[in-house]
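Listing of entry-v6.cif; format and content: mmCIF, C-alpha atoms.
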```
data_my_file
loop_
_atom_site.label_atom_id
_atom_site.label_comp_id
_atom_site.auth_asym_id
_atom_site.auth_seq_id
_atom_site.Cartn_x
_atom_site.Cartn_y
_atom_site.Cartn_z
CA MET A 18 92.86 175.36 49.53
CA ALA A 19 89.75 173.95 51.18
CA ILE A 20 89.94 172.13 54.47
CA ARG A 21 89.57 168.36 54.47
CA PHE A 22 89.39 165.54 56.99
CA LEU A 23 89.92 161.81 57.35
CA THR A 24 88.86 159.46 60.12
CA GLY A 25 90.06 156.08 61.32
CA GLY A 26 89.04 153.54 63.94
CA GLU A 27 86.46 150.85 64.67
CA SER A 28 83.39 150.62 66.86
CA HIS A 29 84.97 148.42 69.54
CA GLY A 30 88.61 149.10 68.64
CA ARG A 31 91.11 151.17 70.55
CA GLY A 32 89.48 154.43 69.51
CA LEU A 33 88.53 156.82 66.74
CA VAL A 34 90.89 159.33 65.15
CA THR A 35 89.91 162.48 63.26
CA ILE A 36 92.53 164.43 61.29
CA VAL A 37 91.62 167.87 59.93
CA GLU A 38 94.05 169.43 57.47
CA GLY A 39 94.12 172.97 56.08
CA LEU A 40 92.68 174.84 59.06
CA PRO A 41 93.82 178.45 59.35
CA SER A 42 95.80 179.37 62.43
CA GLY A 43 94.23 181.49 65.15
CA LEU A 44 90.93 179.60 65.49
CA GLU A 45 89.92 179.13 69.11
CA LEU A 46 88.78 175.56 69.72
CA PRO A 47 87.73 175.06 73.35
CA ARG A 48 87.75 171.54 74.70
CA ASP A 49 84.27 171.99 76.16
CA LEU A 50 82.87 172.78 72.69
CA LEU A 51 84.16 169.45 71.35
CA GLU A 52 82.91 167.56 74.38
CA SER A 53 79.49 169.22 74.40
CA GLU A 54 78.79 168.22 70.78
CA LEU A 55 79.86 164.64 71.50
CA THR A 56 77.43 164.66 74.43
CA ARG A 57 74.64 165.91 72.14
CA ARG A 58 75.38 163.03 69.74
CA ARG A 59 74.65 160.58 72.54
CA ARG A 60 71.22 162.09 73.21
CA GLY A 61 67.80 160.67 72.41
CA TRP A 62 64.93 158.65 73.78
CA GLY A 63 65.34 155.06 72.64
CA ARG A 64 69.13 154.97 72.64
CA GLY A 65 70.77 151.68 73.60
CA PRO A 66 72.84 150.78 76.68
CA ARG A 67 76.11 151.72 75.00
CA MET A 68 75.20 155.40 75.37
CA ALA A 69 75.29 154.92 79.15
CA ILE A 70 78.87 153.64 79.13
CA GLU A 71 80.42 155.73 76.34
CA ARG A 72 82.48 158.50 77.85
CA ASP A 73 84.27 159.76 74.74
CA ARG A 74 87.66 160.31 76.36
CA LEU A 75 89.03 162.99 74.08
CA GLU A 76 92.67 163.86 73.45
CA VAL A 77 94.09 166.34 70.96
CA TRP A 78 97.40 165.09 69.60
CA SER A 79 98.47 167.95 67.35
CA GLY A 80 97.56 171.21 65.65
CA LEU A 81 96.31 172.96 68.80
CA ARG A 82 98.28 174.98 71.35
CA ASP A 83 96.70 176.70 74.33
CA GLY A 84 93.29 176.11 72.75
CA VAL A 85 94.15 177.82 69.45
CA THR A 86 94.89 176.20 66.07
CA THR A 87 98.46 176.53 64.79
CA GLY A 88 97.87 175.82 61.09
CA ALA A 89 99.31 172.31 61.37
CA PRO A 90 97.05 169.26 60.89
CA LEU A 91 94.66 168.91 63.80
CA SER A 92 94.45 165.35 65.12
CA ILE A 93 91.92 164.29 67.75
CA CYS A 94 91.53 160.87 69.35
CA LEU A 95 88.49 159.41 71.09
CA GLU A 96 89.60 156.55 73.29
CA ASN A 97 87.20 153.59 73.50
CA THR A 98 86.47 152.81 77.15
CA GLU A 99 85.55 149.21 76.20
CA TRP A 100 88.78 148.44 74.37
CA GLU A 101 90.32 146.13 76.96
CA SER A 102 87.24 143.86 77.01
CA TRP A 103 87.40 143.60 73.19
CA ARG A 104 91.17 143.52 72.74
CA GLY A 105 91.45 139.76 72.62
CA ALA A 106 89.06 139.57 69.67
CA LEU A 107 90.25 142.66 67.79
CA ASP A 108 93.95 143.07 68.60
CA PRO A 109 95.71 144.58 65.55
CA HIS A 110 98.66 142.17 65.79
CA LYS A 111 97.41 138.87 67.20
CA VAL A 112 93.90 137.92 68.30
CA ASP A 113 92.92 135.25 70.79
CA PRO A 114 91.23 132.58 68.58
CA GLU A 115 88.65 131.70 71.23
CA LYS A 116 87.66 135.31 71.88
CA ALA A 117 87.60 136.06 68.16
CA GLU A 118 85.25 133.12 67.62
CA ASP A 119 82.93 134.42 70.37
CA ARG A 120 82.65 137.73 68.51
CA ARG A 121 82.33 136.21 65.05
CA ILE A 122 79.40 137.29 62.84
CA ASP A 123 78.04 134.78 60.30
CA CYS A 124 74.42 135.98 60.04
CA PRO A 125 74.20 139.33 58.19
CA ARG A 126 71.54 141.87 59.12
CA PRO A 127 69.14 142.94 56.35
CA GLY A 128 69.66 146.62 55.64
CA HIS A 129 73.20 146.68 57.03
CA SER A 130 76.64 146.65 55.40
CA ASP A 131 77.39 143.15 56.73
CA LEU A 132 76.76 140.98 53.68
CA VAL A 133 77.77 143.38 50.91
CA GLY A 134 80.87 144.50 52.81
CA GLY A 135 81.89 140.89 53.42
CA ILE A 136 81.57 140.10 49.72
CA LYS A 137 83.42 143.26 48.65
CA TYR A 138 86.41 142.83 50.96
CA GLY A 139 86.48 139.03 51.07
CA HIS A 140 85.67 138.63 54.77
CA SER A 141 84.09 135.42 56.00
CA ASP A 142 83.73 136.96 59.48
CA MET A 143 81.57 140.05 59.07
CA ARG A 144 82.86 141.45 62.36
CA ASN A 145 85.46 143.17 60.14
CA VAL A 146 82.64 144.98 58.33
CA LEU A 147 80.52 145.88 61.34
CA GLU A 148 83.39 147.47 63.24
CA ARG A 149 84.00 150.15 60.63
CA SER A 150 80.47 150.57 59.21
CA SER A 151 78.95 151.00 62.66
CA ALA A 152 77.29 154.33 63.42
CA ARG A 153 79.88 154.73 66.17
CA SER A 154 82.04 156.21 63.38
CA THR A 155 79.77 159.25 63.38
CA ALA A 156 81.48 160.43 66.58
CA ALA A 157 84.53 161.16 64.42
CA LEU A 158 82.35 163.00 61.89
CA THR A 159 80.87 165.03 64.73
CA LEU A 160 84.33 166.12 65.83
CA ALA A 161 85.24 167.31 62.32
CA GLY A 162 81.92 169.14 62.07
CA THR A 163 82.41 170.76 65.45
CA VAL A 164 85.75 172.16 64.31
CA ALA A 165 83.95 173.52 61.24
CA ARG A 166 81.20 174.94 63.44
CA ALA A 167 83.80 176.91 65.44
CA LEU A 168 85.13 178.39 62.20
CA LEU A 169 81.63 179.30 61.00
CA ASP A 170 80.83 180.92 64.32
CA ARG A 171 83.81 183.27 63.89
CA LEU A 172 82.31 184.27 60.55
CA GLY A 173 78.85 184.94 61.99
CA ILE A 174 77.31 181.78 60.51
CA THR A 175 75.01 179.56 62.59
CA VAL A 176 74.17 175.87 62.14
CA ARG A 177 71.04 174.53 63.81
CA GLY A 178 69.06 171.29 63.69
CA ALA A 179 65.68 169.95 64.78
CA VAL A 180 63.87 166.62 64.59
CA THR A 181 60.69 166.88 62.50
CA SER A 182 59.28 163.34 62.64
CA ILE A 183 59.84 159.92 64.21
CA GLY A 184 58.15 156.73 63.09
CA GLY A 185 55.52 158.57 61.07
CA VAL A 186 54.65 161.01 63.87
CA ALA A 187 55.33 164.41 62.32
CA ILE A 188 55.78 167.72 64.12
CA GLU A 189 56.12 171.27 62.80
CA ASP A 190 59.47 172.78 61.91
CA PRO A 191 60.85 175.36 64.37
CA LEU A 192 58.97 178.63 63.90
CA SER A 193 61.11 180.95 66.04
CA GLU A 194 64.61 181.44 67.42
CA GLU A 195 63.37 180.15 70.77
CA GLU A 196 62.17 176.91 69.18
CA TRP A 197 65.49 176.40 67.36
CA THR A 198 67.29 176.91 70.66
CA ARG A 199 65.04 174.43 72.43
CA ALA A 200 65.62 171.83 69.71
CA GLU A 201 69.37 172.17 70.30
CA THR A 202 69.07 171.49 74.03
CA SER A 203 66.19 168.98 73.94
CA ASP A 204 67.10 165.34 74.47
CA LEU A 205 64.84 164.50 71.53
CA GLY A 206 65.91 167.43 69.34
CA CYS A 207 62.31 168.62 69.59
CA PRO A 208 61.54 172.34 69.16
CA ARG A 209 58.44 172.28 71.41
CA GLU A 210 57.87 170.47 74.70
CA ALA A 211 54.25 169.82 73.80
CA ASP A 212 55.31 167.56 70.91
CA GLU A 213 57.63 165.31 72.92
CA LYS A 214 54.96 163.09 74.46
CA ALA A 215 53.78 161.76 71.09
CA LEU A 216 57.34 161.04 69.95
CA ILE A 217 58.26 159.29 73.21
CA SER A 218 55.11 157.18 73.02
CA ARG A 219 55.93 156.08 69.46
CA ILE A 220 59.51 155.14 70.33
CA SER A 221 58.48 153.29 73.50
CA LYS A 222 55.96 151.20 71.56
CA ALA A 223 58.59 150.19 69.00
CA LYS A 224 61.03 149.30 71.75
CA GLU A 225 58.45 147.07 73.46
CA GLU A 226 57.88 145.30 70.15
CA GLY A 227 61.60 144.76 69.55
CA ASP A 228 61.43 147.00 66.50
CA SER A 229 63.24 150.16 65.39
CA LEU A 230 62.17 153.52 63.96
CA GLY A 231 63.49 156.17 61.60
CA GLY A 232 62.40 159.73 61.00
CA THR A 233 63.36 163.10 59.59
CA PHE A 234 65.29 166.14 60.74
CA LEU A 235 65.91 169.65 59.46
CA VAL A 236 69.23 171.52 59.44
CA SER A 237 69.41 175.30 58.98
CA LEU A 238 72.50 177.24 57.93
CA ARG A 239 72.05 180.96 58.67
CA GLY A 240 74.36 183.81 57.68
CA MET A 241 76.14 182.38 54.65
CA PRO A 242 77.40 185.13 52.31
CA VAL A 243 75.87 185.31 48.83
CA GLY A 244 77.49 183.32 46.04
CA VAL A 245 79.19 180.45 47.88
CA GLY A 246 79.21 177.44 45.54
CA SER A 247 79.02 177.64 41.75
CA TYR A 248 76.93 176.70 38.73
CA VAL A 249 79.87 176.28 36.32
CA GLU A 250 80.64 172.59 37.06
CA TRP A 251 78.52 169.83 38.56
CA ASP A 252 80.88 169.10 41.44
CA ARG A 253 81.06 172.75 42.54
CA ARG A 254 77.33 173.09 43.19
CA LEU A 255 76.87 173.61 46.91
CA ASP A 256 73.47 171.88 47.00
CA GLY A 257 75.05 168.74 45.56
CA ARG A 258 77.90 168.85 48.04
CA LEU A 259 75.56 169.31 50.98
CA ALA A 260 73.26 166.51 49.84
CA GLY A 261 76.20 164.15 49.35
CA ALA A 262 77.62 164.90 52.79
CA VAL A 263 74.32 164.35 54.58
CA MET A 264 73.64 161.17 52.57
CA SER A 265 77.02 159.84 53.73
CA ILE A 266 75.69 159.54 57.29
CA PRO A 267 74.76 155.91 58.06
CA ALA A 268 71.02 155.15 57.58
CA ILE A 269 70.22 158.40 55.73
CA LYS A 270 68.18 157.50 52.64
CA GLY A 271 66.87 160.85 51.43
CA VAL A 272 67.81 164.54 51.38
CA GLU A 273 65.73 167.58 50.40
CA ILE A 274 66.81 171.17 49.85
CA GLY A 275 64.12 173.74 50.69
CA GLY A 276 60.69 172.54 49.57
CA GLY A 277 62.23 169.38 48.12
CA PHE A 278 59.87 166.73 46.78
CA ASN A 279 56.77 168.77 47.59
CA LEU A 280 57.77 171.27 44.90
CA ALA A 281 57.41 168.62 42.18
CA ALA A 282 53.61 168.65 42.56
CA LEU A 283 53.22 172.43 42.32
CA PRO A 284 53.14 174.83 39.35
CA GLY A 285 56.09 177.16 38.93
CA SER A 286 54.04 180.13 40.09
CA LEU A 287 53.83 178.52 43.53
CA VAL A 288 57.41 177.30 43.66
CA HIS A 289 59.86 180.05 42.74
CA ASP A 290 60.72 182.73 45.29
CA GLU A 291 59.65 186.11 43.94
CA ILE A 292 62.08 189.03 44.22
CA ALA A 293 61.26 192.53 45.46
CA VAL A 294 62.87 195.71 46.80
CA GLU A 295 62.22 196.73 50.40
CA ASP A 296 63.88 199.76 51.99
CA GLY A 297 66.41 199.78 49.18
CA GLU A 298 67.33 196.12 49.69
CA ILE A 299 66.64 193.27 47.26
CA ILE A 300 64.71 190.56 49.08
CA ARG A 301 62.88 187.33 48.29
CA LEU A 302 59.28 186.95 49.37
CA SER A 303 59.64 183.28 50.36
CA ASN A 304 62.33 180.63 50.75
CA ARG A 305 61.08 177.53 48.96
CA ALA A 306 64.51 177.19 47.31
CA GLY A 307 66.06 176.61 50.71
CA GLY A 308 68.65 179.35 50.34
CA LEU A 309 70.27 177.84 47.23
CA GLU A 310 69.75 178.85 43.60
CA GLY A 311 71.87 177.49 40.76
CA GLY A 312 74.07 175.65 43.23
CA MET A 313 74.95 178.89 45.08
CA THR A 314 73.87 180.51 48.32
CA ASN A 315 71.45 183.41 47.80
CA GLY A 316 71.68 184.97 51.27
CA GLN A 317 68.62 183.27 52.76
CA ASP A 318 68.74 180.47 55.31
CA VAL A 319 70.02 177.24 53.75
CA LEU A 320 67.54 174.47 54.65
CA ILE A 321 68.37 170.77 54.37
CA ARG A 322 65.97 168.01 55.41
CA ALA A 323 67.09 164.40 55.77
CA ALA A 324 65.22 161.10 56.05
CA MET A 325 66.70 158.37 58.23
CA LYS A 326 65.60 154.75 57.87
CA PRO A 327 65.07 152.54 60.95
CA ILE A 328 68.22 151.02 62.42
CA PRO A 329 68.78 147.51 60.94
CA THR A 330 69.81 145.90 64.25
CA MET A 331 66.65 144.84 66.08
CA ARG A 332 65.83 142.91 69.23
CA LYS A 333 63.32 140.96 67.13
CA PRO A 334 65.65 140.05 64.24
CA LEU A 335 64.58 139.64 60.62
CA ARG A 336 65.21 136.52 58.57
CA SER A 337 68.73 135.97 57.30
CA VAL A 338 71.23 133.23 56.40
CA ASP A 339 73.97 131.60 58.44
CA LEU A 340 76.78 131.82 55.88
CA ALA A 341 79.02 129.39 57.76
CA ARG A 342 76.38 126.64 57.69
CA GLY A 343 74.42 127.63 54.60
CA GLU A 344 71.16 127.56 56.54
CA ASN A 345 68.23 129.92 56.93
CA THR A 346 68.18 131.64 60.32
CA THR A 347 67.65 135.06 61.90
CA ALA A 348 70.01 138.03 61.71
CA HIS A 349 72.80 138.77 64.15
CA PHE A 350 71.87 141.03 67.07
CA GLU A 351 74.40 143.56 68.32
CA ARG A 352 73.61 145.88 71.21
CA SER A 353 71.65 148.67 69.55
CA ASP A 354 69.19 151.56 69.71
CA SER A 355 65.46 151.57 69.02
CA CYS A 356 65.68 155.04 67.51
CA ALA A 357 68.63 157.33 66.83
CA VAL A 358 67.05 160.15 64.81
CA SER A 359 67.89 162.73 67.49
CA ALA A 360 71.55 161.72 67.37
CA ALA A 361 71.58 161.63 63.57
CA CYS A 362 70.34 165.22 63.59
CA VAL A 363 73.49 166.28 65.47
CA VAL A 364 75.65 164.44 62.93
CA GLY A 365 73.65 166.12 60.16
CA GLU A 366 74.46 169.51 61.65
CA ALA A 367 78.13 168.51 61.74
CA MET A 368 78.26 167.49 58.10
CA VAL A 369 76.41 170.61 56.94
CA ALA A 370 78.84 172.72 58.97
CA TRP A 371 81.75 170.89 57.41
CA VAL A 372 80.63 171.46 53.82
CA ALA A 373 79.90 175.14 54.51
CA ALA A 374 83.31 175.69 56.12
CA SER A 375 85.05 173.78 53.33
CA ALA A 376 83.33 175.85 50.63
CA LEU A 377 84.18 179.09 52.40
CA THR A 378 87.87 178.28 52.86
CA GLU A 379 88.01 177.08 49.27
CA ARG A 380 86.68 180.40 48.01
CA PHE A 381 88.36 182.84 50.39
CA GLY A 382 91.54 181.01 51.41
CA GLY A 383 93.67 182.43 54.18
CA ASP A 384 96.27 180.74 56.35
CA VAL A 385 95.31 182.98 59.27
CA MET A 386 91.79 183.22 60.68
CA GLU A 387 91.80 187.02 60.61
CA ASP A 388 92.46 187.00 56.85
CA LEU A 389 89.48 184.72 56.25
CA GLU A 390 87.24 186.92 58.40
CA ARG A 391 88.33 190.04 56.54
CA ARG A 392 87.65 188.55 53.09
CA VAL A 393 84.20 187.28 54.04
CA SER A 394 83.37 190.67 55.56
CA GLU A 395 84.48 192.46 52.39
CA LEU A 396 82.23 190.23 50.27
CA ARG A 397 79.25 190.96 52.50
CA LEU A 398 79.84 194.69 52.15
CA GLU A 399 80.22 194.38 48.39
CA THR A 400 77.09 192.30 47.85
CA GLY A 401 75.18 194.60 50.20
CA ARG A 402 76.09 197.55 48.01
CA ASP A 403 75.13 195.63 44.88
CA ARG A 404 71.72 194.83 46.33
CA ARG A 405 71.09 198.50 47.07
CA GLY A 406 71.99 199.38 43.50
#
```
Please, can you express the file's structure as structure tokens?
Amino acid sequence: MAIRFLTGGESHGRGLVTIVEGLPSGLELPRDLLESELTRRRRGWGRGPRMAIERDRLEVWSGLRDGVTTGAPLSICLENTEWESWRGALDPHKVDPEKAEDRRIDCPRPGHSDLVGGIKYGHSDMRNVLERSSARSTAALTLAGTVARALLDRLGITVRGAVTSIGGVAIEDPLSEEEWTRAETSDLGCPREADEKALISRISKAKEEGDSLGGTFLVSLRGMPVGVGSYVEWDRRLDGRLAGAVMSIPAIKGVEIGGGFNLAALPGSLVHDEIAVEDGEIIRLSNRAGGLEGGMTNGQDVLIRAAMKPIPTMRKPLRSVDLARGENTTAHFERSDSCAVSAACVVGEAMVAWVAASALTERFGGDVMEDLERRVSELRLETGRDRRG
């Protein structure tokens, strides 16, 4: 059975909860790994003031003993340090009418879930929509993905991410292991220090103008065994699962695998990765497919690029409607970022890690981590022999 997860919680509520079910026992899950990835999610030039006060107080409630998974559901809570100041307006049992009115949202933001969510769930106060649709929920996704990353690491699989453009200022993809490593530790997710100045300048200009920016990022999955995923049914194709997971991140509006949209303009002779034999091994001479052919991994690096739109909450609000009064006005402003592409890249890594780990546990099973490791190792040996003929 594949692993799965659910999350709960609101942006300014008591906290966020992540529950992961189906994990094998025997997986080491250090607290500092979870905390370090949450810290990375808060990174980025152009982040709002909330990043300065979020402390992500993390508590594991179940499924872990002495830092090792037990096989029981893993439940992790992130306590919201602002809860007491919001409790009167958001208390689950009885709100303070005056405080609730102060926090009320009547003017939906263009590009946000506010209006559509209010219509769908019958809310006149769109605070109910904002609290769950807020990008704060991605902290819970990051936790699930970090658990998956720990599992992948045991199997020799690496997930990496790098920002490749912000606000139309494009930079080159990482070209070496050193550049991938720098992107991981950079506050901007940038693979080269020389490129940071242009990105910072673009973000600073947007912030001065009360505007917001989007951008793109690249996630690499290295070390996946051959044949994970399937071509036999649409919902088993790994490329589709990866694209769907990355698209589920708030503000992501496009996903490419490998060469993506650029391949549509080229003839087939310049698109498909030719196959050759080198030192007795079958290799591909390029990786325009992004490590996926027919919905399955082919042994090359899996490459996923995502496009993030600008954040819809802006200091200089767009036109909207006051639904309570039926009048034209400007959109609601909630404390926000000017640019969060660097943070979205971390969440993208988490969701790619999750899908990869889910697909692997689905194929190889194993209630104990050692069993999963053994089965993946056996497949690698088998496919290695097949490649040598």
Quick one: of A:Arg332, A:Leu33, A:Glu344, A:Glu76, who's nearest to Glu225 (chain A), counting all atoms listed in the file?
A:Arg332
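Each of A:Arg305, A:Arg397, A:Arg60, A:Arg48 was compared to Thr202 (chain A) using only C-alpha atoms, and A:Arg60 turns out to be the nearest.
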Spatial neighbours of Trp100 (chain A), max dist 7 Å, all atoms listed in the file, sep filter under 6 positions, as a list in words
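Result of the neighbour search: His29, Gly30 and Arg31 of chain A.
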Residues selected by the PyMOL selection byres ((chain A and resi 216-223) around 8), written as an MDAnalysis selection string:
chainID A and resid 62:63 182:184 186 212:215 224:230 355:356
So how far away is CA of Asp73 (chain A) from CA of Leu169 (chain A), in Å?
24.0 Å
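With distances taken over all atoms listed in the file, A:Arg322 is the one residue among A:Arg322, A:Arg126, A:Arg342, A:Arg209 lying closest to Gly277 (chain A).
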Go through region 310-373 of chain A residue by residue and, counting all atoms listed in the file, keep those with an atom at most 7 Å from region 258-273 of chain A; for each kept residue give the shortest atom pair and its distance in Å to one decimal, ordered by chain and increasing number, as a tab-separated table.
```
residue	atom	partner	partner_atom	distance
A:Ile321	CA	A:Glu273	CA	5.7
A:Arg322	CA	A:Glu273	CA	5.0
A:Ala323	CA	A:Val272	CA	4.5
A:Ala324	CA	A:Gly271	CA	4.9
A:Met325	CA	A:Ile269	CA	4.3
A:Lys326	CA	A:Ala268	CA	5.4
A:Ile328	CA	A:Ala268	CA	7.0
A:Gly365	CA	A:Val263	CA	5.9
A:Met368	CA	A:Ala262	CA	5.9
A:Val369	CA	A:Leu259	CA	6.2
A:Val372	CA	A:Leu259	CA	6.2
```
